[in-house]
Amino acid sequence: IVVAKDTNAFALRYGAAGRVVGPYSGNLDNGGEQVVLGFNGRPVHDFTYSDGSHPAGTDPWPASPDGNGPSLVLMNPKTAPDHNLFSNWRPSTSTNGSPGHADPINYTEWARRYPGLGNATNDDDSDGWSNQAEYIFGSLPLVAANRPAAISGTLESLSVGGQTNLYFVFTFTRSAESGDVDYFVEYSSDMLTWSAAGIRLDAVDNGDGTATERWRCTQPVSNTEHLFARLRAQFK
């Protein structure tokens, strides 16, 4: 739910953004204050935010959302983080924020969640996956038992263009937050020439910061003697 001071002005700037209510006649303190969100007279969230400027030199909250520019965004809201902790908040990646829409992050913002995290190429939890790979696939870089989900390939009977055939379906789980990564499902008949000509069947938000996607090849398996698939992740 987005609470707007002027719903018409909000729609003009941000377009359709889910459920928007208003007008809101109050104002949030630019310097920070207590916020209580309730339902049927009972508090759901009770927290205090700040603007990163007071007391001088000791306020750890992000300072860039204070004034014009980004908004203050709660990280991983579906995991119910403590709203009072500055470490659970970050500046939005978009100027003026992206209320009602996803606000993807980049690797630098993600790494800030894990104090002491090493370089992108390090494997800080010794699970065989670099910190960068854990970001790309949405796993935890400091928990060895939390690795990227396995990539799988299956044959599925699908109806395409009125014809039912067996198709090779490629399934992988990625970060649902990474805004600086492109994912390509590529197919090849000889492992020399690869084509990103797959067709995405669906994408499911897993509610834990990851999403699972299924892709199929453009041609049924009966049309190819050999078929290989791979996932390529590339920073923008």
# chains A, B, ... in the order shown; residues from 1 in each chain; ligands from 1
>>> closest_atom_pairs(of="range 3-90 of chain A", to="range 105-122 of chain A", cutoff="8 Å", atoms="only C-alpha atoms", output="JSON lines")
{"residue": "A:Ser87", "atom": "CA", "partner": "A:Arg113", "partner_atom": "CA", "distance": 6.7}
{"residue": "A:Asn88", "atom": "CA", "partner": "A:Arg113", "partner_atom": "CA", "distance": 7.6}
{"residue": "A:Arg90", "atom": "CA", "partner": "A:Glu109", "partner_atom": "CA", "distance": 7.7}
>>> write_last_selection(atoms="N, CA, C and O atoms", output="PDB file, in the first residue's frame")
ATOM      1  N   SER A  87      20.887  -0.730   9.638  1.00  0.00           N
ATOM      2  CA  SER A  87      21.498  -1.641   8.678  1.00  0.00           C
ATOM      3  C   SER A  87      20.469  -2.341   7.797  1.00  0.00           C
ATOM      4  O   SER A  87      20.833  -2.983   6.811  1.00  0.00           O
ATOM      5  N   ASN A  88      19.196  -2.231   8.137  1.00  0.00           N
ATOM      6  CA  ASN A  88      18.135  -2.837   7.331  1.00  0.00           C
ATOM      7  C   ASN A  88      17.515  -1.846   6.352  1.00  0.00           C
ATOM      8  O   ASN A  88      16.512  -2.164   5.702  1.00  0.00           O
ATOM      9  N   ARG A  90      18.327   1.274   3.228  1.00  0.00           N
ATOM     10  CA  ARG A  90      19.285   1.762   2.239  1.00  0.00           C
ATOM     11  C   ARG A  90      18.631   2.833   1.386  1.00  0.00           C
ATOM     12  O   ARG A  90      17.393   2.939   1.340  1.00  0.00           O
TER      13      ARG A  90
END
>>> residues_around(residues="His83 in chain A", least_positions_apart="6", cutoff="8 Å", atoms="only C-alpha atoms", output="PyMOL selection string")
chain A and resi 45-48+74+89
>>> select_by_dssp(residues="range 57-166 of chain A", states="strand (DSSP E)", output="list in words")
Leu72, Val73, Leu74, Trp89, Arg90, Pro91, Ser152, Gly153, Thr154, Leu155, Glu156, Ser157, Leu158, Ser159, Val160, Gln163, Thr164, Asn165 and Leu166 of chain A
>>> closest_residue(among="A:Pro65, A:Leu140, A:Trp215, A:Thr224", to="Asp124 in chain A", atoms="only C-alpha atoms")
A:Leu140
>>> select_by_dssp(residues="range 23-141 of chain A", states="alpha helix (DSSP H)", output="list in words")
Tyr107, Thr108, Glu109, Trp110, Ala111, Asn131, Gln132, Ala133, Glu134, Tyr135, Ile136 and Phe137 of chain A
>>> residues_around(residues="Ile151 in chain A", least_positions_apart="3", cutoff="9 Å", atoms="only C-alpha atoms", output="PDB file with N, CA, C and O atoms, in the first residue's frame")
ATOM      1  N   PRO A 148      23.652 -21.414  -3.604  1.00  0.00           N
ATOM      2  CA  PRO A 148      22.715 -21.235  -4.710  1.00  0.00           C
ATOM      3  C   PRO A 148      21.966 -22.531  -5.007  1.00  0.00           C
ATOM      4  O   PRO A 148      22.525 -23.626  -4.910  1.00  0.00           O
ATOM      5  N   PHE A 170      14.578 -25.626 -18.870  1.00  0.00           N
ATOM      6  CA  PHE A 170      15.730 -25.264 -18.037  1.00  0.00           C
ATOM      7  C   PHE A 170      15.222 -24.429 -16.869  1.00  0.00           C
ATOM      8  O   PHE A 170      14.520 -23.430 -17.055  1.00  0.00           O
ATOM      9  N   THR A 171      15.561 -24.837 -15.644  1.00  0.00           N
ATOM     10  CA  THR A 171      15.073 -24.153 -14.444  1.00  0.00           C
ATOM     11  C   THR A 171      16.237 -23.675 -13.593  1.00  0.00           C
ATOM     12  O   THR A 171      17.182 -24.418 -13.348  1.00  0.00           O
ATOM     13  N   PHE A 172      16.174 -22.419 -13.173  1.00  0.00           N
ATOM     14  CA  PHE A 172      17.226 -21.877 -12.300  1.00  0.00           C
ATOM     15  C   PHE A 172      16.621 -20.862 -11.334  1.00  0.00           C
ATOM     16  O   PHE A 172      15.553 -20.306 -11.580  1.00  0.00           O
ATOM     17  N   THR A 173      17.321 -20.661 -10.227  1.00  0.00           N
ATOM     18  CA  THR A 173      16.908 -19.680  -9.221  1.00  0.00           C
ATOM     19  C   THR A 173      17.940 -18.569  -9.162  1.00  0.00           C
ATOM     20  O   THR A 173      19.146 -18.828  -9.123  1.00  0.00           O
ATOM     21  N   LEU A 231      23.381 -21.381 -18.338  1.00  0.00           N
ATOM     22  CA  LEU A 231      22.951 -20.087 -17.827  1.00  0.00           C
ATOM     23  C   LEU A 231      24.160 -19.158 -17.798  1.00  0.00           C
ATOM     24  O   LEU A 231      25.206 -19.522 -17.250  1.00  0.00           O
TER      25      LEU A 231
END
>>> residues_around(residues="Ala145 in chain A", least_positions_apart="6", cutoff="10 Å", atoms="only C-alpha atoms", output="list of chain:residue names")
A:Asp125, A:Ser126, A:Asp127, A:Ser139
>>> write_last_selection(atoms="N, CA, C and O atoms", output="compact mmCIF listing (two decimals), in the first residue's frame")
# COMPACT_ATOMS: atom_id res chain seq x y z
N ASP A 125 32.54 -17.91 3.00
CA ASP A 125 31.98 -19.00 3.81
C ASP A 125 32.48 -20.37 3.35
O ASP A 125 31.99 -21.41 3.82
N SER A 126 33.43 -20.37 2.42
CA SER A 126 34.08 -21.62 1.97
C SER A 126 33.09 -22.68 1.50
O SER A 126 33.25 -23.86 1.77
N ASP A 127 32.07 -22.24 0.77
CA ASP A 127 31.08 -23.20 0.27
C ASP A 127 31.27 -23.49 -1.22
O ASP A 127 30.46 -24.17 -1.84
N SER A 139 21.90 -16.24 -2.67
CA SER A 139 22.20 -17.01 -1.46
C SER A 139 22.97 -16.14 -0.48
O SER A 139 23.30 -14.98 -0.76
>>> closest_residue(among="A:Tyr183, A:Phe168, A:Phe10, A:Trp61", to="Tyr24 in chain A", atoms="only C-alpha atoms")
A:Phe10
>>> closest_residue(among="A:Gln34, A:Thr164, A:Thr218, A:Asn223", to="Glu186 in chain A", atoms="only C-alpha atoms")
A:Thr218
>>> closest_residue(among="A:Pro99, A:Gly41, A:Pro141, A:Gly207", to="Ala17 in chain A", atoms="only C-alpha atoms")
A:Pro99
>>> closest_residue(among="A:Gly138, A:Val143, A:Arg232, A:Glu225", to="Asp205 in chain A", atoms="only C-alpha atoms")
A:Gly138
>>> residues_around(residues="Val44 in chain A", least_positions_apart="3", cutoff="12 Å", atoms="only C-alpha atoms", output="mmCIF file with N, CA, C and O atoms, in the first residue's frame")
data_model
loop_
_atom_site.group_PDB
_atom_site.id
_atom_site.type_symbol
_atom_site.label_atom_id
_atom_site.label_comp_id
_atom_site.auth_asym_id
_atom_site.auth_seq_id
_atom_site.Cartn_x
_atom_site.Cartn_y
_atom_site.Cartn_z
ATOM 1 N N VAL A 35 7.532 6.253 13.853
ATOM 2 C CA VAL A 35 6.422 5.923 12.966
ATOM 3 C C VAL A 35 5.735 4.671 13.509
ATOM 4 O O VAL A 35 6.399 3.676 13.801
ATOM 5 N N VAL A 36 4.421 4.748 13.648
ATOM 6 C CA VAL A 36 3.651 3.595 14.110
ATOM 7 C C VAL A 36 2.622 3.248 13.050
ATOM 8 O O VAL A 36 1.791 4.087 12.687
ATOM 9 N N LEU A 37 2.697 2.031 12.519
ATOM 10 C CA LEU A 37 1.730 1.531 11.554
ATOM 11 C C LEU A 37 0.846 0.520 12.262
ATOM 12 O O LEU A 37 1.344 -0.418 12.893
ATOM 13 N N GLY A 38 -0.469 0.725 12.183
ATOM 14 C CA GLY A 38 -1.363 -0.146 12.929
ATOM 15 C C GLY A 38 -2.518 -0.666 12.104
ATOM 16 O O GLY A 38 -2.771 -0.216 10.986
ATOM 17 N N PHE A 39 -3.204 -1.639 12.664
ATOM 18 C CA PHE A 39 -4.386 -2.226 12.026
ATOM 19 C C PHE A 39 -5.389 -2.567 13.119
ATOM 20 O O PHE A 39 -5.052 -3.254 14.091
ATOM 21 N N ASN A 40 -6.601 -2.058 12.980
ATOM 22 C CA ASN A 40 -7.649 -2.282 13.981
ATOM 23 C C ASN A 40 -7.208 -1.892 15.385
ATOM 24 O O ASN A 40 -7.487 -2.569 16.372
ATOM 25 N N GLY A 41 -6.481 -0.776 15.450
ATOM 26 C CA GLY A 41 -6.063 -0.263 16.738
ATOM 27 C C GLY A 41 -4.843 -0.916 17.335
ATOM 28 O O GLY A 41 -4.424 -0.560 18.444
ATOM 29 N N PHE A 47 8.611 1.957 14.818
ATOM 30 C CA PHE A 47 10.044 2.163 14.649
ATOM 31 C C PHE A 47 10.366 3.644 14.541
ATOM 32 O O PHE A 47 9.477 4.476 14.327
ATOM 33 N N ALA A 80 10.703 -9.716 7.177
ATOM 34 C CA ALA A 80 10.312 -9.019 8.407
ATOM 35 C C ALA A 80 11.521 -8.549 9.219
ATOM 36 O O ALA A 80 11.677 -8.890 10.391
ATOM 37 N N ASP A 82 14.063 -6.034 11.377
ATOM 38 C CA ASP A 82 13.834 -5.047 12.434
ATOM 39 C C ASP A 82 13.895 -3.652 11.815
ATOM 40 O O ASP A 82 14.956 -3.200 11.377
ATOM 41 N N HIS A 83 12.772 -2.951 11.817
ATOM 42 C CA HIS A 83 12.710 -1.636 11.188
ATOM 43 C C HIS A 83 13.529 -0.588 11.933
ATOM 44 O O HIS A 83 13.832 0.478 11.384
#
>>> closest_residue(among="A:Gly100, A:Gly15, A:Gly153, A:Gly209", to="Val185 in chain A", atoms="only C-alpha atoms")
A:Gly153
>>> residues_around(residues="Gly97 in chain A", least_positions_apart="4", cutoff="12 Å", atoms="only C-alpha atoms", output="VMD selection string")
chain A and resid 10 13 to 14 64 to 65 68 to 74 90 to 93 101 to 104
>>> atom_distance(atom1="CA of Cys217 in chain A", atom2="CA of Glu177 in chain A")
25.8 Å
